[in-house]
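Enquirer: entry_21.txt is the file, holding compact mmCIF, C-alpha atoms and all ligand atoms:
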# COMPACT_ATOMS: atom_id res chain seq x y z
CA MET Y 1 8.70 6.30 17.57
CA HIS Y 2 9.98 9.05 15.27
CA LYS Y 3 7.68 11.35 13.25
CA GLU Y 4 8.50 13.51 10.20
CA ILE Y 5 6.14 15.95 8.54
CA ILE Y 6 6.99 16.76 4.92
CA GLY Y 7 4.39 19.04 3.34
CA ASP Y 8 1.09 17.12 3.34
CA ALA Y 9 2.75 13.86 4.39
CA THR Y 10 3.06 12.63 7.98
CA LEU Y 11 5.56 9.80 8.28
CA TYR Y 12 6.23 7.51 11.24
CA LEU Y 13 9.26 5.30 11.83
CA GLY Y 14 8.19 2.25 13.83
CA ASP Y 15 5.88 -0.77 14.03
CA CYS Y 16 2.46 0.14 12.61
CA LEU Y 17 0.84 -2.19 15.14
CA GLU Y 18 2.10 0.20 17.86
CA ILE Y 19 1.68 3.47 15.93
CA LEU Y 20 -1.80 3.03 14.42
CA PRO Y 21 -3.56 2.86 17.85
CA SER Y 22 -2.16 6.34 18.61
CA LEU Y 23 -3.87 7.87 15.53
CA PRO Y 24 -7.41 9.26 15.82
CA GLY Y 25 -10.23 6.98 14.59
CA GLY Y 26 -11.42 7.88 11.09
CA VAL Y 27 -8.32 9.98 10.29
CA ALA Y 28 -7.95 8.34 6.85
CA ASP Y 29 -10.23 8.35 3.79
CA LEU Y 30 -8.45 5.51 1.97
CA ILE Y 31 -6.09 2.65 2.88
CA LEU Y 32 -3.67 1.66 0.13
CA THR Y 33 -0.94 -0.67 1.28
CA ASP Y 34 1.58 -3.29 0.25
CA PRO Y 35 2.48 -5.45 3.28
CA PRO Y 36 5.10 -8.23 3.35
CA TYR Y 37 3.59 -11.28 1.61
CA GLY Y 38 5.20 -13.80 4.00
CA VAL Y 39 7.36 -15.33 1.24
CA GLU Y 40 10.91 -14.59 2.50
CA PHE Y 41 11.61 -12.59 -0.67
CA VAL Y 42 15.20 -11.39 -0.96
CA GLY Y 43 15.11 -9.80 -4.42
CA ARG Y 44 17.89 -9.71 -6.96
CA ALA Y 45 20.94 -11.63 -5.74
CA GLY Y 46 19.90 -10.83 -2.18
CA VAL Y 47 21.18 -7.22 -2.46
CA HIS Y 48 18.55 -5.86 -0.09
CA GLY Y 49 18.17 -8.73 2.41
CA MET Y 50 14.82 -10.05 3.64
CA LEU Y 51 12.06 -7.58 4.53
CA VAL Y 52 10.98 -7.25 8.17
CA ASN Y 53 8.01 -9.58 8.83
CA ASP Y 54 8.34 -11.40 5.50
CA HIS Y 55 8.81 -14.74 7.29
CA LYS Y 56 6.59 -17.66 6.31
CA GLY Y 57 3.28 -17.64 8.21
CA PHE Y 58 3.19 -13.83 8.62
CA ASP Y 59 -0.48 -12.91 9.15
CA VAL Y 60 -1.40 -9.39 8.05
CA THR Y 61 -4.97 -9.61 9.46
CA PRO Y 62 -4.36 -7.87 12.84
CA TYR Y 63 -2.42 -5.09 11.10
CA ILE Y 64 -5.22 -4.39 8.60
CA ALA Y 65 -7.79 -4.55 11.44
CA GLU Y 66 -5.85 -1.85 13.31
CA ALA Y 67 -5.54 0.27 10.13
CA LEU Y 68 -9.32 -0.02 9.56
CA ARG Y 69 -9.92 1.66 12.92
CA CYS Y 70 -8.24 4.73 11.40
CA LEU Y 71 -10.46 4.65 8.28
CA ARG Y 72 -13.80 6.39 7.78
CA ARG Y 73 -16.75 4.01 7.43
CA HIS Y 74 -17.77 3.03 3.89
CA ARG Y 75 -14.38 3.98 2.48
CA HIS Y 76 -12.10 1.87 0.29
CA VAL Y 77 -9.17 -0.44 1.03
CA TYR Y 78 -6.55 -1.84 -1.38
CA VAL Y 79 -4.07 -4.46 -0.19
CA PHE Y 80 -1.37 -5.94 -2.43
CA GLY Y 81 -0.69 -9.67 -2.02
CA PRO Y 82 -2.64 -12.38 -0.21
CA LEU Y 83 -5.49 -11.23 2.05
CA ASP Y 84 -8.26 -13.21 3.77
CA ILE Y 85 -11.04 -10.68 4.44
CA SER Y 86 -13.28 -13.12 6.35
CA LYS Y 87 -12.11 -11.85 9.78
CA LEU Y 88 -12.11 -8.17 8.78
CA LYS Y 89 -14.91 -5.58 8.67
CA LEU Y 90 -14.78 -5.50 4.88
CA CYS Y 91 -17.36 -6.17 2.18
CA SER Y 92 -17.82 -6.01 -1.61
CA PRO Y 93 -14.37 -7.47 -2.38
CA ALA Y 94 -12.93 -7.37 -5.90
CA GLU Y 95 -9.71 -8.87 -7.19
CA LEU Y 96 -7.50 -6.52 -9.18
CA ILE Y 97 -4.47 -7.71 -11.10
CA TRP Y 98 -1.27 -5.77 -11.62
CA ASP Y 99 0.15 -7.00 -14.96
CA LYS Y 100 3.91 -6.31 -14.80
CA GLU Y 101 4.17 -6.80 -18.58
CA MET Y 102 7.18 -9.11 -18.16
CA PHE Y 103 7.90 -12.15 -16.04
CA GLY Y 104 10.66 -12.86 -13.55
CA LEU Y 105 12.70 -16.06 -13.14
CA GLY Y 106 10.61 -17.74 -10.42
CA ASN Y 107 10.35 -21.57 -10.46
CA LEU Y 108 12.32 -22.69 -13.53
CA ALA Y 109 10.86 -26.22 -13.23
CA ILE Y 110 7.44 -25.07 -14.47
CA PRO Y 111 6.57 -23.57 -17.87
CA TRP Y 112 4.93 -20.42 -16.47
CA GLY Y 113 6.72 -17.32 -15.18
CA CYS Y 114 4.74 -15.12 -12.82
CA GLN Y 115 3.91 -11.79 -14.47
CA HIS Y 116 1.25 -10.46 -12.14
CA GLU Y 117 0.38 -9.60 -8.56
CA LYS Y 118 -3.01 -9.67 -6.89
CA ILE Y 119 -4.51 -6.60 -5.20
CA THR Y 120 -7.60 -6.98 -3.03
CA PHE Y 121 -10.12 -4.14 -3.12
CA ALA Y 122 -12.85 -3.98 -0.45
CA ILE Y 123 -15.11 -1.52 1.37
CA TYR Y 124 -14.95 -0.86 5.13
CA GLU Y 125 -18.29 -1.54 6.75
CA THR Y 126 -18.60 -1.77 10.54
CA GLY Y 127 -22.19 -3.14 10.59
CA LYS Y 128 -22.42 -6.97 10.33
CA ALA Y 129 -25.83 -6.91 8.58
CA ALA Y 130 -24.69 -4.30 6.05
CA ARG Y 131 -21.50 -6.30 5.43
CA GLU Y 132 -23.42 -9.49 4.80
CA GLY Y 133 -25.84 -7.62 2.52
CA GLY Y 134 -22.86 -6.48 0.44
CA SER Y 135 -23.45 -2.82 1.26
CA GLY Y 136 -20.76 -0.25 0.95
CA ILE Y 137 -22.71 2.72 -0.30
CA LEU Y 138 -19.92 4.99 -1.65
CA ALA Y 139 -20.81 5.09 -5.34
CA ALA Y 140 -18.01 4.42 -7.78
CA ARG Y 141 -16.95 7.77 -9.24
CA LEU Y 142 -14.74 6.21 -11.88
CA ARG Y 143 -15.05 2.69 -13.28
CA ARG Y 144 -12.03 0.92 -14.72
CA GLY Y 145 -11.15 -2.61 -15.76
CA SER Y 146 -9.66 -4.84 -13.06
CA VAL Y 147 -6.30 -5.37 -14.83
CA LEU Y 148 -3.77 -2.58 -14.29
CA ARG Y 149 -0.79 -2.71 -16.66
CA CYS Y 150 2.57 -1.19 -15.78
CA LEU Y 151 6.19 -2.31 -15.94
CA ARG Y 152 7.58 -3.06 -12.48
CA PRO Y 153 9.93 -0.23 -11.30
CA ASN Y 154 13.00 -2.41 -10.76
CA SER Y 155 12.88 -4.11 -14.15
CA GLN Y 156 15.18 -1.71 -15.96
CA ARG Y 157 16.96 0.30 -13.27
CA ALA Y 158 18.32 -0.17 -9.78
CA SER Y 159 15.42 -0.17 -7.37
CA VAL Y 160 15.37 1.72 -4.07
CA HIS Y 161 13.29 -1.06 -2.50
CA PRO Y 162 13.13 -4.75 -3.51
CA THR Y 163 9.32 -4.67 -3.82
CA GLU Y 164 8.82 -1.08 -4.96
CA LYS Y 165 5.42 -0.51 -6.62
CA PRO Y 166 4.82 1.78 -9.63
CA VAL Y 167 3.54 5.23 -8.66
CA ASP Y 168 1.27 5.25 -11.77
CA ILE Y 169 -0.73 2.23 -10.59
CA LEU Y 170 -1.04 3.57 -7.04
CA ALA Y 171 -2.22 6.92 -8.45
CA GLN Y 172 -5.02 5.18 -10.38
CA MET Y 173 -6.37 3.55 -7.20
CA ILE Y 174 -6.10 6.84 -5.28
CA GLU Y 175 -7.95 8.68 -8.03
CA SER Y 176 -10.72 6.05 -8.13
CA SER Y 177 -11.31 5.95 -4.38
CA SER Y 178 -10.69 9.38 -2.87
CA MET Y 179 -11.23 13.08 -3.46
CA LEU Y 180 -8.80 16.01 -3.65
CA GLY Y 181 -7.46 16.94 -0.20
CA GLU Y 182 -8.45 13.62 1.43
CA THR Y 183 -6.01 11.44 3.39
CA VAL Y 184 -4.41 8.20 2.18
CA LEU Y 185 -2.94 5.80 4.79
CA ASP Y 186 -0.15 3.28 4.06
CA PRO Y 187 0.93 1.38 7.21
CA PHE Y 188 3.64 -0.55 5.27
CA MET Y 189 5.17 2.38 3.39
CA GLY Y 190 8.53 0.89 2.27
CA SER Y 191 10.25 3.48 0.06
CA GLY Y 192 7.16 5.73 0.12
CA SER Y 193 5.61 5.01 -3.31
CA THR Y 194 2.02 5.36 -2.02
CA VAL Y 195 2.83 8.67 -0.34
CA VAL Y 196 4.48 10.02 -3.52
CA ALA Y 197 1.40 8.98 -5.54
CA ALA Y 198 -0.95 10.57 -2.99
CA LEU Y 199 0.91 13.91 -3.08
CA ALA Y 200 0.96 13.86 -6.90
CA GLU Y 201 -2.82 13.37 -6.79
CA ARG Y 202 -3.13 16.34 -4.38
CA ARG Y 203 -4.09 14.19 -1.40
CA LYS Y 204 -2.62 14.16 2.11
CA ALA Y 205 -0.80 11.02 3.25
CA ILE Y 206 0.15 9.10 6.39
CA GLY Y 207 2.89 6.49 6.06
CA VAL Y 208 4.49 4.08 8.55
CA GLU Y 209 7.71 2.11 8.01
CA ILE Y 210 9.52 -0.11 10.51
CA ASP Y 211 12.94 -0.32 8.80
CA PRO Y 212 15.06 2.85 9.34
CA LYS Y 213 16.86 2.31 6.02
CA TYR Y 214 13.61 2.39 4.01
CA PHE Y 215 12.16 5.15 6.21
CA ASP Y 216 15.12 7.41 5.30
CA ILE Y 217 14.81 6.53 1.60
CA ALA Y 218 11.06 7.35 1.78
CA CYS Y 219 11.72 10.72 3.48
CA ARG Y 220 14.26 11.78 0.83
CA ARG Y 221 12.02 10.59 -2.01
CA ILE Y 222 8.97 12.40 -0.60
CA GLU Y 223 10.96 15.63 -0.08
CA GLN Y 224 12.03 15.43 -3.72
CA ALA Y 225 8.45 14.79 -4.90
CA GLN Y 226 7.23 17.72 -2.79
CA LYS Y 227 9.82 20.05 -4.41
CA GLN Y 228 8.80 18.95 -7.91
CA LEU Y 229 5.12 19.53 -7.10
CA LYS Y 230 5.90 23.07 -5.90
CA LEU Y 231 7.80 23.76 -9.16
CA ALA Y 232 4.87 22.45 -11.20
CA LEU Y 233 2.37 24.82 -9.51
C1 LIG Y 301 6.25 -4.88 0.47
S1 LIG Y 301 7.12 -3.63 1.25
C2 LIG Y 301 6.38 -2.11 0.71
C3 LIG Y 301 7.06 -1.54 -0.51
C4 LIG Y 301 6.43 -0.23 -0.97
N1 LIG Y 301 5.13 -0.46 -1.56
C5 LIG Y 301 7.30 0.52 -1.95
O1 LIG Y 301 6.87 0.77 -3.11
O2 LIG Y 301 8.45 0.84 -1.61
C6 LIG Y 301 6.56 -3.75 2.90
C7 LIG Y 301 7.27 -2.85 3.89
O3 LIG Y 301 6.65 -3.00 5.17
C8 LIG Y 301 7.65 -2.84 6.17
N2 LIG Y 301 7.12 -3.43 7.42
C9 LIG Y 301 7.10 -4.73 7.80
N3 LIG Y 301 6.50 -4.86 9.00
C10 LIG Y 301 6.11 -3.62 9.38
C11 LIG Y 301 5.43 -3.11 10.51
N4 LIG Y 301 5.03 -3.92 11.51
N5 LIG Y 301 5.19 -1.78 10.60
C12 LIG Y 301 5.59 -0.94 9.58
N6 LIG Y 301 6.26 -1.37 8.49
C13 LIG Y 301 6.50 -2.70 8.37
C14 LIG Y 301 8.87 -3.52 5.59
O4 LIG Y 301 10.07 -3.03 6.17
C15 LIG Y 301 8.74 -3.19 4.10
O5 LIG Y 301 9.54 -2.05 3.75
Is it possible to give me this structure as structure tokens?
Ligand SMILES: C[S@@+](CC[C@H](N)C(=O)[O-])C[C@H]1O[C@@H](n2cnc3c(N)ncnc32)[C@H](O)[C@@H]1O
Expert:
Amino acid sequence: MHKEIIGDATLYLGDCLEILPSLPGGVADLILTDPPYGVEFVGRAGVHGMLVNDHKGFDVTPYIAEALRCLRRHRHVYVFGPLDISKLKLCSPAELIWDKEMFGLGNLAIPWGCQHEKITFAIYETGKAAREGGSGILAARLRRGSVLRCLRPNSQRASVHPTEKPVDILAQMIESSSMLGETVLDPFMGSGSTVVAALAERRKAIGVEIDPKYFDIACRRIEQAQKQLKLAL
């Protein structure tokens, strides 16, 4: 396991299933993550190759369970892609939609091109009774509509990661679900978009990435973001 600290970001290279148990319980105030969807996605013309753990049948449940141990009770979780929360200590789920404002090629045999991705929001609640009662306590500080609109990052320029997410959308979720100076955890960091958004929102961040190529890209990108933030102060 390799660790880099860049300003308010602590970054780990390795398998989050091995790294998360070494972090103190309750170290994070928000989980915002984008795991492999288990769809064997290879992106444009296969330039990037398949993501680690994106094989069919990949189950993200044990990974999110381990990440929850690092989260403070009653705090918020956002997970891009498919998520079954029935085996997790989560309640008050809501489905958010990222509208990419344009559709990709997808299955040309059907008349609909996919233009959106699902994001599951939920609240971490360790008590079974409170979970079943739909508790969650932390009052919403900001209320927004459940459709978030933003062009996908790789639509008009070369992307650093085949499934890179827009920093603007991540920043909206961070702003809605955490306070200044709090810590955002992303156990599937990829090219570091969540960490960049967290720093821009003046939060601390913890990121984990298993692929050394994307870990290096994330480190360079976060260093750059950190420099720009210093200049803006
Ligand atoms: C969907 S991508 C995240 C992309 C990211 N949101 C971005 O904007 O760049 C998921 C990432 O999780 C990484 N990954 C897969 N299994 C992992 C594991 N067990 N521990 C840590 N990272 C993992 C993959 O290498 C991939 O980069």
Enquirer: Go ahead and compute the interatomic distance for CA of Asp15 (chain Y) and CA of Phe121 (chain Y), in Å to one decimal.
Expert: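 Distance reported for this atom pair: 23.7 Å.
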Enquirer: Which residues sit within 7 Å of ligand LIG 301 (chain Y), counting all atoms listed in the file, listed as a PyMOL selection string?
Expert: chain Y and resi 14-17+33-36+51-53+161+163-166+187-194+208-211+214
Enquirer: One decimal, in Å: what's the spacing between CA of Leu32 (chain Y) and CA of Arg69 (chain Y)?
Expert: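 Distance reported for this atom pair: 14.2 Å.
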Enquirer: Excluding Gly127 (chain Y) and residues on its chain fewer than 4 positions from it, collect all residues at most 10 Å away from it, counting all atoms listed in the file, and give them as a list in words.
Expert: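 Residues near the query, excluding close chain neighbours: Arg73, Lys89, Leu90, Arg131, Glu132, Gly133 and Ser135 of chain Y.
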Enquirer: Taking into account only C-alpha atoms, which residue in the set Y:His55, Y:Lys87, Y:Lys118, Y:Arg152 is nearest to Lys100 (chain Y)?
Expert: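 With only C-alpha atoms as the atom set, the closest residue is Y:Arg152.
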Enquirer: CA of Arg144 (chain Y) to CA of Arg203 (chain Y): how many Å, to one decimal?
Expert: 20.4 Å
Enquirer: Compute the distance from (-13.0, -9.7, 1.4) to each atom, counting all atoms listed in the file, keep the residues with any atom at most 12 Å away, and return them as a PDB file with C-alpha atoms, in the frame of the given file; use the coordinates of the file.
Expert:
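Final output, result-v4.pdb:
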ATOM      1  CA  THR Y  61      -4.970  -9.610   9.460  1.00  0.00           C
ATOM      2  CA  ILE Y  64      -5.220  -4.390   8.600  1.00  0.00           C
ATOM      3  CA  HIS Y  76     -12.100   1.870   0.290  1.00  0.00           C
ATOM      4  CA  VAL Y  77      -9.170  -0.440   1.030  1.00  0.00           C
ATOM      5  CA  TYR Y  78      -6.550  -1.840  -1.380  1.00  0.00           C
ATOM      6  CA  VAL Y  79      -4.070  -4.460  -0.190  1.00  0.00           C
ATOM      7  CA  PRO Y  82      -2.640 -12.380  -0.210  1.00  0.00           C
ATOM      8  CA  LEU Y  83      -5.490 -11.230   2.050  1.00  0.00           C
ATOM      9  CA  ASP Y  84      -8.260 -13.210   3.770  1.00  0.00           C
ATOM     10  CA  ILE Y  85     -11.040 -10.680   4.440  1.00  0.00           C
ATOM     11  CA  SER Y  86     -13.280 -13.120   6.350  1.00  0.00           C
ATOM     12  CA  LYS Y  87     -12.110 -11.850   9.780  1.00  0.00           C
ATOM     13  CA  LEU Y  88     -12.110  -8.170   8.780  1.00  0.00           C
ATOM     14  CA  LYS Y  89     -14.910  -5.580   8.670  1.00  0.00           C
ATOM     15  CA  LEU Y  90     -14.780  -5.500   4.880  1.00  0.00           C
ATOM     16  CA  CYS Y  91     -17.360  -6.170   2.180  1.00  0.00           C
ATOM     17  CA  SER Y  92     -17.820  -6.010  -1.610  1.00  0.00           C
ATOM     18  CA  PRO Y  93     -14.370  -7.470  -2.380  1.00  0.00           C
ATOM     19  CA  ALA Y  94     -12.930  -7.370  -5.900  1.00  0.00           C
ATOM     20  CA  GLU Y  95      -9.710  -8.870  -7.190  1.00  0.00           C
ATOM     21  CA  ILE Y 119      -4.510  -6.600  -5.200  1.00  0.00           C
ATOM     22  CA  THR Y 120      -7.600  -6.980  -3.030  1.00  0.00           C
ATOM     23  CA  PHE Y 121     -10.120  -4.140  -3.120  1.00  0.00           C
ATOM     24  CA  ALA Y 122     -12.850  -3.980  -0.450  1.00  0.00           C
ATOM     25  CA  ILE Y 123     -15.110  -1.520   1.370  1.00  0.00           C
ATOM     26  CA  TYR Y 124     -14.950  -0.860   5.130  1.00  0.00           C
ATOM     27  CA  GLU Y 125     -18.290  -1.540   6.750  1.00  0.00           C
ATOM     28  CA  ARG Y 131     -21.500  -6.300   5.430  1.00  0.00           C
ATOM     29  CA  GLU Y 132     -23.420  -9.490   4.800  1.00  0.00           C
ATOM     30  CA  GLY Y 134     -22.860  -6.480   0.440  1.00  0.00           C
TER      31      GLY Y 134
END
Enquirer: Distance cut-off 12 Å, centre (11.3, 11.9, -4.7) in file coordinates, counting only C-alpha atoms: which residues qualify? Return them as an MDAnalysis selection string.
Expert: chainID Y and resid 6 160 167 191:197 199:200 216:229
Enquirer: Which neighbours of Ala28 (chain Y) fall inside 9 Å, counting all atoms listed in the file, when residues of the same chain fewer than 3 positions from it are skipped, and could you give them as a list in words?
Expert: Gly25, Ile31, Leu68, Cys70, Leu71, Arg72, Arg75, Glu182, Thr183, Val184, Leu185, Ala205 and Ile206 of chain Y
Enquirer: Show which residues sit within 7 Å of Glu66 (chain Y), as a VMD selection string. Count all atoms listed in the file, and ignore same-chain residues fewer than 4 positions away.
Expert: chain Y and resid 17 20 to 21 62
Enquirer: Write a file of the just-selected residues containing C-alpha atoms, as a PDB file, in the frame of the given file.
Expert:
ATOM      1  CA  LEU Y  17       0.840  -2.190  15.140  1.00  0.00           C
ATOM      2  CA  LEU Y  20      -1.800   3.030  14.420  1.00  0.00           C
ATOM      3  CA  PRO Y  21      -3.560   2.860  17.850  1.00  0.00           C
ATOM      4  CA  PRO Y  62      -4.360  -7.870  12.840  1.00  0.00           C
TER       5      PRO Y  62
END
Enquirer: As number ranges by chain, please: the residues near Glu117 (chain Y) (cut-off 9 Å, only C-alpha atoms, same-chain neighbours under 2 positions excluded).
Expert: Y: 80-81, 96-100, 114-115, 119
Enquirer: As a compact mmCIF listing (two decimals), keeping the file's coordinate frame, please: region 86-107 of chain Y completed to N, CA and C atoms.
Expert:
# COMPACT_ATOMS: atom_id res chain seq x y z
N SER Y 86 -12.16 -12.56 5.59
CA SER Y 86 -13.28 -13.12 6.35
C SER Y 86 -13.30 -12.65 7.82
N LYS Y 87 -12.14 -12.29 8.37
CA LYS Y 87 -12.11 -11.85 9.78
C LYS Y 87 -12.03 -10.33 9.89
N LEU Y 88 -12.23 -9.63 8.78
CA LEU Y 88 -12.11 -8.17 8.78
C LEU Y 88 -13.46 -7.52 8.47
N LYS Y 89 -13.63 -6.28 8.90
CA LYS Y 89 -14.91 -5.58 8.67
C LYS Y 89 -14.94 -5.00 7.25
N LEU Y 90 -14.86 -5.90 6.29
CA LEU Y 90 -14.78 -5.50 4.88
C LEU Y 90 -15.87 -6.21 4.08
N CYS Y 91 -16.38 -5.54 3.06
CA CYS Y 91 -17.36 -6.17 2.18
C CYS Y 91 -17.09 -5.77 0.73
N SER Y 92 -17.91 -6.31 -0.17
CA SER Y 92 -17.82 -6.01 -1.61
C SER Y 92 -16.41 -6.18 -2.18
N PRO Y 93 -15.75 -7.32 -1.89
CA PRO Y 93 -14.37 -7.47 -2.38
C PRO Y 93 -14.31 -7.61 -3.90
N ALA Y 94 -13.20 -7.16 -4.47
CA ALA Y 94 -12.93 -7.37 -5.90
C ALA Y 94 -11.45 -7.67 -6.03
N GLU Y 95 -11.12 -8.55 -6.97
CA GLU Y 95 -9.71 -8.87 -7.19
C GLU Y 95 -9.19 -8.05 -8.36
N LEU Y 96 -8.17 -7.26 -8.11
CA LEU Y 96 -7.50 -6.52 -9.18
C LEU Y 96 -6.19 -7.24 -9.49
N ILE Y 97 -5.73 -7.09 -10.70
CA ILE Y 97 -4.47 -7.71 -11.10
C ILE Y 97 -3.53 -6.62 -11.60
N TRP Y 98 -2.31 -6.63 -11.06
CA TRP Y 98 -1.27 -5.77 -11.62
C TRP Y 98 -0.48 -6.63 -12.61
N ASP Y 99 -0.59 -6.30 -13.91
CA ASP Y 99 0.15 -7.00 -14.96
C ASP Y 99 1.48 -6.27 -15.14
N LYS Y 100 2.58 -6.96 -14.77
CA LYS Y 100 3.91 -6.31 -14.80
C LYS Y 100 4.52 -6.29 -16.20
N GLU Y 101 3.80 -6.83 -17.16
CA GLU Y 101 4.17 -6.80 -18.58
C GLU Y 101 5.47 -7.54 -18.90
N MET Y 102 6.04 -8.21 -17.92
CA MET Y 102 7.18 -9.11 -18.16
C MET Y 102 7.28 -10.04 -16.97
N PHE Y 103 7.85 -11.23 -17.18
CA PHE Y 103 7.90 -12.15 -16.04
C PHE Y 103 9.31 -12.33 -15.50
N GLY Y 104 9.37 -12.66 -14.21
CA GLY Y 104 10.66 -12.86 -13.55
C GLY Y 104 11.08 -14.32 -13.66
N LEU Y 105 12.18 -14.69 -13.02
CA LEU Y 105 12.70 -16.06 -13.14
C LEU Y 105 11.78 -17.07 -12.43
N GLY Y 106 11.51 -16.86 -11.17
CA GLY Y 106 10.61 -17.74 -10.42
C GLY Y 106 11.06 -19.20 -10.45
N ASN Y 107 10.08 -20.12 -10.48
CA ASN Y 107 10.35 -21.57 -10.46
C ASN Y 107 10.63 -22.05 -11.89
